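Below: one structure, written as structure tokens.
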Number of protein chains: 2
Amino acid sequence: MAFSHYPEPLARLIQEFTRLPGVGPKTAQRLAFFVLRMEERDVMALASALADAKRKIGRCSVCFNLADAEPCHICRDARRDRGVICVVEEANDLVAMEKTRTYNGLYHVLEGALSPLEGVGPEALRLAGLLKRVKEGGVREVILATNPTVEGEATAMYIARLLRPLNVKTTRIARGVPVGGDLEYADEVTLARALEGRREM
Amino acid sequence: MAFSHYPEPLARLIQEFTRLPGVGPKTAQRLAFFVLRMEERDVMALASALADAKRKIGRCSVCFNLADAEPCHICRDARRDRGVICVVEEANDLVAMEKTRTYNGLYHVLEGALSPLEGVGPEALRLAGLLKRVKEGGVREVILATNPTVEGEATAMYIARLLRPLNVKTTRIARGVPVGGDLEYADEVTLARALEGRREM
């Protein structure tokens with residue numbers, strides 16, 4: 001046992017902490033000692049939050065967003081525009097979109113992106129569900145908001161091709177220079193995309 | 001609520017993670033998403049390790065080491081030399097000493113060091129217990145292994161003065177250049193100490 005100088009419950013806590021990403025033995029030890037100094041009430045709150053999150057959170061069967069209800073709060077929300085579906089790779093991308101406070105449609109979470117190198121093919125993504133939603137009708141536009149990476153672009157292109165026979169407007173979010181950035185520091189590919197995507201004003 | 005775009009159990013987990021040291025909202029979010037991908041069994045193991053460590057770990061009433069038994073496994077160990085007490089600031093310093101595998105005596109954890117600037121006076125340290133142990137007799141030597149910092153040095157000096165009337169040998173661990181280090185990178189104070197503490201060979 002690696003932490004045998006500690007009493008067993010402490011050694012076990014250190015060990016368990018090392019399961020978390022970016023937490024090595026040193027950090028785990030620091031976290032564990034911190035936990036011993038925390039209020040018991042706060043430690044219990046963290047422990048039960050862990051158990052609750054794991055037990056109660058699943059995927060929405062419609063959009064595959066993380067959810068503690070079925071369907072999720074976004075799919076259920078009557079004030080949202082059901083004619084637009086924004087396709088994202090992961091649930092945290094959905095949260096990033098929500099934070100813009102400018103989007104009022106629905107979502108579809110792919111739970112990944114195409115990556116032949118890592119063996120992620122179309123069957124690993126939530127594509128059947130997306131096609132089903134579009135085929136059911138009522139969808140005017142599908143916004144492809146996969147990441148501006150090689151995998152994200154490939155995924156967007158793949159989905160655009162899938163959707164073509166369904167006659168639904170399919171758009172891709174703009175790639176360009178980030179707001180607040182400096183042209184000097186923008187990479188050439190981004191700058192080229194920004195030029196290509198220029199609009200009259 | 002800061003994480004209102006997430007289902008409640010997830011938002012709560014993120015919130016609880018931010019209580020840990022060095023964990024800001026971004027890291028908390030990353031950790032929480034990781035937890036959702038972990039095996040349920042592993043999450044439950046972490047949750048119960050947290051609760052157990054907090055509930056079962058206390059301080060040894062003799063040496064104030066962290067312990068899940070009374071007295072701690074070191075104070076209880078009949079193979080250890082009961083004539084030597086090594087005084088350290090915190091329980092993790094004790095672990096550092098144990099890892100050397102060269103010390104076989106007992107310990108005394110002060111739970112801090114004198115720090116007038118932070119309002120830590122002698123009454124905040126576990127000094128009464130140390131004096132009691134020495135007065136009870138059978139102690140040949142007290143090794144002062146407080147940290148080589150201003151606070152640690154002051155604490156060592158303070159304890160040495162307290163112990164003087166008790167006629168027990170009191171020693172201070174050597175300060176010098178760290179093994180494997182390079183003189184070029186040693187600071188002047190350390191180097192001066194190394195010179196001062198030189199020994200014939």
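Residues are referred to by chain and number: the chain letter is A, B, ... according to the order shown in the structure tokens, the number counts from 1 in that chain, and ligands are numbered separately from 1 in the order shown.
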Write out as a Markdown table a residue-level contact list of chain B versus chain A with cut-off 8 Å: for each qualifying residue the closest pair of atoms and the distance in Å to one decimal, counting only C-alpha atoms, rows sorted by chain and residue number upward.
| residue | atom | partner | partner_atom | distance |
| --- | --- | --- | --- | --- |
| B:His5 | CA | A:Val95 | CA | 6.0 |
| B:Tyr6 | CA | A:Val95 | CA | 7.4 |
| B:Pro7 | CA | A:Ala67 | CA | 5.6 |
| B:Glu8 | CA | A:Asp68 | CA | 7.5 |
| B:Pro9 | CA | A:Ala53 | CA | 4.8 |
| B:Leu10 | CA | A:Ala53 | CA | 5.3 |
| B:Arg12 | CA | A:Ala49 | CA | 6.3 |
| B:Leu13 | CA | A:Ala49 | CA | 4.9 |
| B:Glu16 | CA | A:Leu46 | CA | 5.3 |
| B:Phe17 | CA | A:Leu46 | CA | 7.0 |
| B:Leu20 | CA | A:Leu31 | CA | 6.8 |
| B:Pro21 | CA | A:Leu31 | CA | 7.0 |
| B:Leu31 | CA | A:Leu20 | CA | 6.8 |
| B:Phe34 | CA | A:Leu20 | CA | 7.4 |
| B:Val35 | CA | A:Lys54 | CA | 7.0 |
| B:Leu36 | CA | A:Lys54 | CA | 5.6 |
| B:Glu40 | CA | A:Lys54 | CA | 6.4 |
| B:Val43 | CA | A:Ala51 | CA | 6.6 |
| B:Met44 | CA | A:Ala51 | CA | 6.0 |
| B:Ala45 | CA | A:Glu16 | CA | 7.2 |
| B:Leu46 | CA | A:Glu16 | CA | 5.3 |
| B:Ala47 | CA | A:Ala47 | CA | 4.3 |
| B:Ser48 | CA | A:Ala47 | CA | 6.8 |
| B:Ala49 | CA | A:Leu13 | CA | 5.0 |
| B:Leu50 | CA | A:Leu13 | CA | 6.1 |
| B:Ala51 | CA | A:Met44 | CA | 6.0 |
| B:Asp52 | CA | A:Pro9 | CA | 6.2 |
| B:Ala53 | CA | A:Pro9 | CA | 4.8 |
| B:Lys54 | CA | A:Leu36 | CA | 5.6 |
| B:Arg55 | CA | A:Glu40 | CA | 7.6 |
| B:Lys56 | CA | A:Pro9 | CA | 7.1 |
| B:Ile57 | CA | A:Pro9 | CA | 7.1 |
| B:Leu66 | CA | A:Pro7 | CA | 7.2 |
| B:Ala67 | CA | A:Pro7 | CA | 5.6 |
| B:Asp68 | CA | A:Pro7 | CA | 5.9 |
| B:Val95 | CA | A:His5 | CA | 6.0 |
| B:Glu98 | CA | A:His5 | CA | 7.0 |
| B:Lys99 | CA | A:His5 | CA | 7.8 |
Any chance you could export the current selection's N, CA and C atoms as a CSV table (one decimal), in the first residue's frame?
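File written: again.csv
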chain,number,residue,atom,x,y,z
B,5,HIS,N,-27.1,26.3,-15.6
B,5,HIS,CA,-27.4,25.6,-16.9
B,5,HIS,C,-27.3,24.1,-16.8
B,6,TYR,N,-26.9,23.6,-15.6
B,6,TYR,CA,-26.7,22.2,-15.4
B,6,TYR,C,-27.9,21.7,-14.6
B,7,PRO,N,-28.2,20.4,-14.8
B,7,PRO,CA,-29.3,19.8,-13.9
B,7,PRO,C,-28.8,19.9,-12.4
B,8,GLU,N,-29.7,20.1,-11.5
B,8,GLU,CA,-29.4,20.4,-10.1
B,8,GLU,C,-28.3,19.5,-9.5
B,9,PRO,N,-28.4,18.2,-9.6
B,9,PRO,CA,-27.4,17.4,-8.9
B,9,PRO,C,-26.0,17.6,-9.4
B,10,LEU,N,-25.9,18.0,-10.7
B,10,LEU,CA,-24.6,18.2,-11.3
B,10,LEU,C,-24.1,19.6,-10.8
B,12,ARG,N,-24.8,21.1,-8.1
B,12,ARG,CA,-24.5,21.0,-6.7
B,12,ARG,C,-23.1,20.3,-6.6
B,13,LEU,N,-22.8,19.3,-7.4
B,13,LEU,CA,-21.5,18.7,-7.3
B,13,LEU,C,-20.4,19.6,-7.7
B,16,GLU,N,-19.9,22.0,-4.8
B,16,GLU,CA,-19.2,21.3,-3.7
B,16,GLU,C,-17.7,21.1,-4.0
B,17,PHE,N,-17.4,20.8,-5.2
B,17,PHE,CA,-16.0,20.7,-5.6
B,17,PHE,C,-15.2,22.0,-5.4
B,20,LEU,N,-12.8,22.6,-2.4
B,20,LEU,CA,-11.5,22.1,-2.3
B,20,LEU,C,-10.4,23.1,-2.7
B,21,PRO,N,-9.2,23.0,-2.1
B,21,PRO,CA,-8.2,24.0,-2.3
B,21,PRO,C,-7.7,23.8,-3.8
B,31,LEU,N,-13.9,18.2,-13.1
B,31,LEU,CA,-14.0,17.1,-12.2
B,31,LEU,C,-15.4,16.5,-12.2
B,34,PHE,N,-16.1,14.5,-15.1
B,34,PHE,CA,-15.3,13.2,-15.0
B,34,PHE,C,-16.0,12.2,-14.2
B,35,VAL,N,-16.6,12.7,-13.1
B,35,VAL,CA,-17.3,11.9,-12.1
B,35,VAL,C,-18.5,11.2,-12.8
B,36,LEU,N,-19.2,11.9,-13.7
B,36,LEU,CA,-20.3,11.3,-14.4
B,36,LEU,C,-19.9,10.2,-15.3
B,40,GLU,N,-19.9,3.8,-11.4
B,40,GLU,CA,-20.7,4.1,-10.2
B,40,GLU,C,-20.0,3.6,-9.0
B,43,VAL,N,-17.3,5.9,-7.9
B,43,VAL,CA,-17.8,7.2,-7.3
B,43,VAL,C,-18.2,6.9,-5.9
B,44,MET,N,-18.9,5.8,-5.7
B,44,MET,CA,-19.4,5.5,-4.3
B,44,MET,C,-18.2,5.3,-3.4
B,45,ALA,N,-17.1,4.7,-3.9
B,45,ALA,CA,-15.9,4.4,-3.1
B,45,ALA,C,-15.3,5.8,-2.6
B,46,LEU,N,-15.3,6.7,-3.6
B,46,LEU,CA,-14.8,8.1,-3.2
B,46,LEU,C,-15.7,8.7,-2.2
B,47,ALA,N,-17.0,8.7,-2.4
B,47,ALA,CA,-17.9,9.3,-1.5
B,47,ALA,C,-17.8,8.7,-0.1
B,48,SER,N,-17.7,7.4,0.0
B,48,SER,CA,-17.6,6.8,1.3
B,48,SER,C,-16.3,7.0,1.9
B,49,ALA,N,-15.2,7.1,1.1
B,49,ALA,CA,-13.9,7.4,1.7
B,49,ALA,C,-13.9,8.8,2.3
B,50,LEU,N,-14.5,9.7,1.7
B,50,LEU,CA,-14.6,11.1,2.2
B,50,LEU,C,-15.3,11.0,3.6
B,51,ALA,N,-16.5,10.4,3.6
B,51,ALA,CA,-17.3,10.4,4.8
B,51,ALA,C,-16.5,9.6,5.9
B,52,ASP,N,-15.9,8.5,5.6
B,52,ASP,CA,-15.2,7.7,6.6
B,52,ASP,C,-14.0,8.4,7.1
B,53,ALA,N,-13.2,9.0,6.2
B,53,ALA,CA,-12.0,9.7,6.7
B,53,ALA,C,-12.4,10.8,7.7
B,54,LYS,N,-13.4,11.6,7.3
B,54,LYS,CA,-13.8,12.6,8.2
B,54,LYS,C,-14.3,12.1,9.5
B,55,ARG,N,-15.1,11.0,9.5
B,55,ARG,CA,-15.7,10.5,10.7
B,55,ARG,C,-14.8,9.7,11.6
B,56,LYS,N,-13.8,9.0,11.0
B,56,LYS,CA,-13.0,8.1,11.8
B,56,LYS,C,-11.7,8.6,12.2
B,57,ILE,N,-11.2,9.6,11.5
B,57,ILE,CA,-9.9,10.1,11.8
B,57,ILE,C,-9.9,11.2,12.8
B,66,LEU,N,-2.4,12.1,13.4
B,66,LEU,CA,-3.7,11.7,12.9
B,66,LEU,C,-3.9,10.2,13.1
B,67,ALA,N,-5.0,9.8,13.6
B,67,ALA,CA,-5.2,8.4,13.9
B,67,ALA,C,-6.6,7.9,13.9
B,68,ASP,N,-6.8,6.7,13.6
B,68,ASP,CA,-8.1,6.1,13.6
B,68,ASP,C,-8.2,5.1,14.8
B,95,VAL,N,4.9,12.0,8.5
B,95,VAL,CA,4.9,11.0,7.4
B,95,VAL,C,6.2,11.2,6.7
B,98,GLU,N,8.8,9.4,8.6
B,98,GLU,CA,8.6,8.0,8.6
B,98,GLU,C,9.2,7.4,7.2
B,99,LYS,N,9.0,8.2,6.2
B,99,LYS,CA,9.4,7.7,4.9
B,99,LYS,C,11.0,7.6,4.8
Looking only at strand (DSSP E or B) from DSSP on the backbone, list the matching residues of stretch 99-199 of chain B as a ChimeraX atom specification. /B:105-109,115,120,141-144,169-172
Would you give me, as a PyMOL selection string, the residues in stretch 10-180 of chain B that DSSP reads as helix (DSSP H, G or I)? chain B and resi 10-17+25-37+40-56+73-76+91-99+116-118+122-124+127-135+150-166
Residues at most 6 Å from stretch 102-118 of chain A, counting only C-alpha atoms, excluding those fewer than 2 positions away in the same chain, as a ChimeraX atom specification? /A:63-65,80-82,84-90,100,120-121,125-126,151-152,155
Output for the residues just chosen: N, CA and C atoms as a PDB file, in the first residue's frame:
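Saved file out25.pdb follows:
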ATOM      1  N   CYS A  63     -32.466  14.577 -26.657  1.00  0.00           N
ATOM      2  CA  CYS A  63     -31.319  15.347 -27.151  1.00  0.00           C
ATOM      3  C   CYS A  63     -29.981  14.863 -26.590  1.00  0.00           C
ATOM      4  N   PHE A  64     -30.006  13.913 -25.642  1.00  0.00           N
ATOM      5  CA  PHE A  64     -28.792  13.353 -25.034  1.00  0.00           C
ATOM      6  C   PHE A  64     -28.006  14.350 -24.198  1.00  0.00           C
ATOM      7  N   ASN A  65     -28.676  15.430 -23.797  1.00  0.00           N
ATOM      8  CA  ASN A  65     -28.098  16.350 -22.824  1.00  0.00           C
ATOM      9  C   ASN A  65     -28.058  15.622 -21.475  1.00  0.00           C
ATOM     10  N   ARG A  80     -39.182  27.479 -25.733  1.00  0.00           N
ATOM     11  CA  ARG A  80     -38.070  27.385 -26.683  1.00  0.00           C
ATOM     12  C   ARG A  80     -38.581  27.072 -28.080  1.00  0.00           C
ATOM     13  N   ASP A  81     -37.830  27.555 -29.069  1.00  0.00           N
ATOM     14  CA  ASP A  81     -38.186  27.370 -30.467  1.00  0.00           C
ATOM     15  C   ASP A  81     -37.877  25.931 -30.878  1.00  0.00           C
ATOM     16  N   ARG A  82     -38.909  25.133 -31.112  1.00  0.00           N
ATOM     17  CA  ARG A  82     -38.716  23.724 -31.437  1.00  0.00           C
ATOM     18  C   ARG A  82     -38.351  23.501 -32.901  1.00  0.00           C
ATOM     19  N   VAL A  84     -35.612  24.750 -34.345  1.00  0.00           N
ATOM     20  CA  VAL A  84     -34.165  24.832 -34.554  1.00  0.00           C
ATOM     21  C   VAL A  84     -33.452  23.849 -33.625  1.00  0.00           C
ATOM     22  N   ILE A  85     -32.533  23.086 -34.184  1.00  0.00           N
ATOM     23  CA  ILE A  85     -31.728  22.161 -33.375  1.00  0.00           C
ATOM     24  C   ILE A  85     -30.264  22.517 -33.539  1.00  0.00           C
ATOM     25  N   CYS A  86     -29.611  22.772 -32.429  1.00  0.00           N
ATOM     26  CA  CYS A  86     -28.182  23.071 -32.446  1.00  0.00           C
ATOM     27  C   CYS A  86     -27.438  21.802 -32.049  1.00  0.00           C
ATOM     28  N   VAL A  87     -26.580  21.317 -32.960  1.00  0.00           N
ATOM     29  CA  VAL A  87     -25.864  20.060 -32.721  1.00  0.00           C
ATOM     30  C   VAL A  87     -24.492  20.354 -32.113  1.00  0.00           C
ATOM     31  N   VAL A  88     -24.239  19.803 -30.935  1.00  0.00           N
ATOM     32  CA  VAL A  88     -22.939  19.993 -30.273  1.00  0.00           C
ATOM     33  C   VAL A  88     -22.317  18.631 -29.965  1.00  0.00           C
ATOM     34  N   GLU A  89     -21.011  18.671 -29.704  1.00  0.00           N
ATOM     35  CA  GLU A  89     -20.323  17.404 -29.423  1.00  0.00           C
ATOM     36  C   GLU A  89     -20.633  16.887 -28.028  1.00  0.00           C
ATOM     37  N   GLU A  90     -20.482  17.775 -27.029  1.00  0.00           N
ATOM     38  CA  GLU A  90     -20.624  17.329 -25.649  1.00  0.00           C
ATOM     39  C   GLU A  90     -21.573  18.233 -24.865  1.00  0.00           C
ATOM     40  N   THR A 100     -24.336  32.048 -23.820  1.00  0.00           N
ATOM     41  CA  THR A 100     -24.389  33.207 -24.710  1.00  0.00           C
ATOM     42  C   THR A 100     -25.722  33.941 -24.560  1.00  0.00           C
ATOM     43  N   VAL A 120     -13.349   6.323 -33.605  1.00  0.00           N
ATOM     44  CA  VAL A 120     -14.715   6.782 -33.362  1.00  0.00           C
ATOM     45  C   VAL A 120     -15.402   6.988 -34.705  1.00  0.00           C
ATOM     46  N   GLY A 121     -16.275   6.085 -35.053  1.00  0.00           N
ATOM     47  CA  GLY A 121     -17.007   6.182 -36.304  1.00  0.00           C
ATOM     48  C   GLY A 121     -18.403   6.720 -36.079  1.00  0.00           C
ATOM     49  N   LEU A 125     -21.787   7.957 -32.541  1.00  0.00           N
ATOM     50  CA  LEU A 125     -22.435   9.239 -32.258  1.00  0.00           C
ATOM     51  C   LEU A 125     -23.953   9.087 -32.262  1.00  0.00           C
ATOM     52  N   ARG A 126     -24.627  10.055 -31.660  1.00  0.00           N
ATOM     53  CA  ARG A 126     -26.085  10.004 -31.543  1.00  0.00           C
ATOM     54  C   ARG A 126     -26.755  10.518 -32.812  1.00  0.00           C
ATOM     55  N   GLU A 151     -11.651  17.063 -36.123  1.00  0.00           N
ATOM     56  CA  GLU A 151     -12.724  16.105 -35.861  1.00  0.00           C
ATOM     57  C   GLU A 151     -14.101  16.771 -35.954  1.00  0.00           C
ATOM     58  N   GLY A 152     -14.182  17.973 -35.362  1.00  0.00           N
ATOM     59  CA  GLY A 152     -15.457  18.684 -35.370  1.00  0.00           C
ATOM     60  C   GLY A 152     -15.896  19.058 -36.777  1.00  0.00           C
ATOM     61  N   THR A 155     -17.033  15.977 -38.599  1.00  0.00           N
ATOM     62  CA  THR A 155     -18.345  15.570 -38.100  1.00  0.00           C
ATOM     63  C   THR A 155     -19.441  16.451 -38.694  1.00  0.00           C
TER      64      THR A 155
END
Determine, counting only C-alpha atoms, which protein, DNA and RNA residues have an atom within 10 Å of an atom of A:Gly137; residues of the same chain fewer than 6 positions away are not included. Present the result as number ranges by chain. A: 83, 166, 168
Can you spit out the residues from that selection as an mmCIF file, in the first residue's frame, using C-alpha atoms?
data_model
loop_
_atom_site.group_PDB
_atom_site.id
_atom_site.type_symbol
_atom_site.label_atom_id
_atom_site.label_comp_id
_atom_site.auth_asym_id
_atom_site.auth_seq_id
_atom_site.Cartn_x
_atom_site.Cartn_y
_atom_site.Cartn_z
ATOM 1 C CA GLY A 83 -37.924 24.488 -35.079
ATOM 2 C CA LEU A 166 -34.124 15.603 -45.739
ATOM 3 C CA VAL A 168 -33.684 20.912 -43.870
#
Please measure the separation of atom CA of B:Leu144 and atom CA of B:Tyr185, giving the value in Å to one decimal. 26.4 Å
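Taking only C-alpha atoms, the non-local environment of B:Lys169 within 7 Å (same-chain residues fewer than 4 positions away omitted) comprises Arg140, Glu141 and Val142 of chain B.
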If you keep C-alpha atoms, can you produce a file of those selected residues as an mmCIF file, in the first residue's frame?
data_model
loop_
_atom_site.group_PDB
_atom_site.id
_atom_site.type_symbol
_atom_site.label_atom_id
_atom_site.label_comp_id
_atom_site.auth_asym_id
_atom_site.auth_seq_id
_atom_site.Cartn_x
_atom_site.Cartn_y
_atom_site.Cartn_z
ATOM 1 C CA ARG B 140 16.386 10.592 26.721
ATOM 2 C CA GLU B 141 16.179 12.932 23.760
ATOM 3 C CA VAL B 142 13.779 15.370 22.115
#
Find the residues around B:Pro71 up to 8 Å (only C-alpha atoms counted), leave out those fewer than 6 positions away in its own chain, and share them as a PyMOL selection string. chain B and resi 60-62
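Here atom CA of A:Leu191 and atom CA of A:Arg101 stand 26.3 Å from one another.
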Judged by only C-alpha atoms, the minimum distance to A:Arg133 among A:Leu163, A:Arg193, A:Ala28, A:Gly119 is found for A:Leu163
Please list as a list of chain:residue names every residue within 8 Å of B:Thr190, counting only C-alpha atoms and excluding residues in the same chain fewer than 4 positions away. B:Arg175, B:Gly176, B:Val177, B:Ala186, B:Ala194
Writing out the chosen residues with all heavy atoms as a PDB file, in the first residue's frame:
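Result file is selection-v2.pdb:
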ATOM      1  N   ARG B 175      20.432  21.773   9.255  1.00  0.00           N
ATOM      2  CA  ARG B 175      20.056  22.542   8.078  1.00  0.00           C
ATOM      3  C   ARG B 175      21.288  22.573   7.197  1.00  0.00           C
ATOM      4  O   ARG B 175      22.397  22.811   7.693  1.00  0.00           O
ATOM      5  CB  ARG B 175      19.630  23.974   8.455  1.00  0.00           C
ATOM      6  CG  ARG B 175      18.188  24.115   8.794  1.00  0.00           C
ATOM      7  CD  ARG B 175      17.810  23.837  10.247  1.00  0.00           C
ATOM      8  NE  ARG B 175      18.846  23.805  11.249  1.00  0.00           N
ATOM      9  CZ  ARG B 175      18.885  24.604  12.295  1.00  0.00           C
ATOM     10  NH1 ARG B 175      17.965  25.512  12.470  1.00  0.00           N
ATOM     11  NH2 ARG B 175      19.830  24.485  13.201  1.00  0.00           N
ATOM     12  N   GLY B 176      21.154  22.344   5.913  1.00  0.00           N
ATOM     13  CA  GLY B 176      22.312  22.340   5.022  1.00  0.00           C
ATOM     14  C   GLY B 176      21.871  22.201   3.584  1.00  0.00           C
ATOM     15  O   GLY B 176      20.686  22.335   3.274  1.00  0.00           O
ATOM     16  N   VAL B 177      22.828  21.925   2.696  1.00  0.00           N
ATOM     17  CA  VAL B 177      22.456  21.794   1.281  1.00  0.00           C
ATOM     18  C   VAL B 177      21.727  20.472   1.074  1.00  0.00           C
ATOM     19  O   VAL B 177      22.155  19.445   1.562  1.00  0.00           O
ATOM     20  CB  VAL B 177      23.696  21.860   0.367  1.00  0.00           C
ATOM     21  CG1 VAL B 177      24.132  23.298   0.217  1.00  0.00           C
ATOM     22  CG2 VAL B 177      24.838  21.010   0.899  1.00  0.00           C
ATOM     23  N   ALA B 186      21.883  26.717  -4.304  1.00  0.00           N
ATOM     24  CA  ALA B 186      21.508  26.828  -2.887  1.00  0.00           C
ATOM     25  C   ALA B 186      21.486  28.306  -2.506  1.00  0.00           C
ATOM     26  O   ALA B 186      22.342  29.080  -2.938  1.00  0.00           O
ATOM     27  CB  ALA B 186      22.508  26.065  -2.028  1.00  0.00           C
ATOM     28  N   ALA B 194      25.007  25.300   6.120  1.00  0.00           N
ATOM     29  CA  ALA B 194      25.730  24.078   5.774  1.00  0.00           C
ATOM     30  C   ALA B 194      27.187  24.191   6.230  1.00  0.00           C
ATOM     31  O   ALA B 194      27.777  23.230   6.735  1.00  0.00           O
ATOM     32  CB  ALA B 194      25.652  23.822   4.278  1.00  0.00           C
TER      33      ALA B 194
END
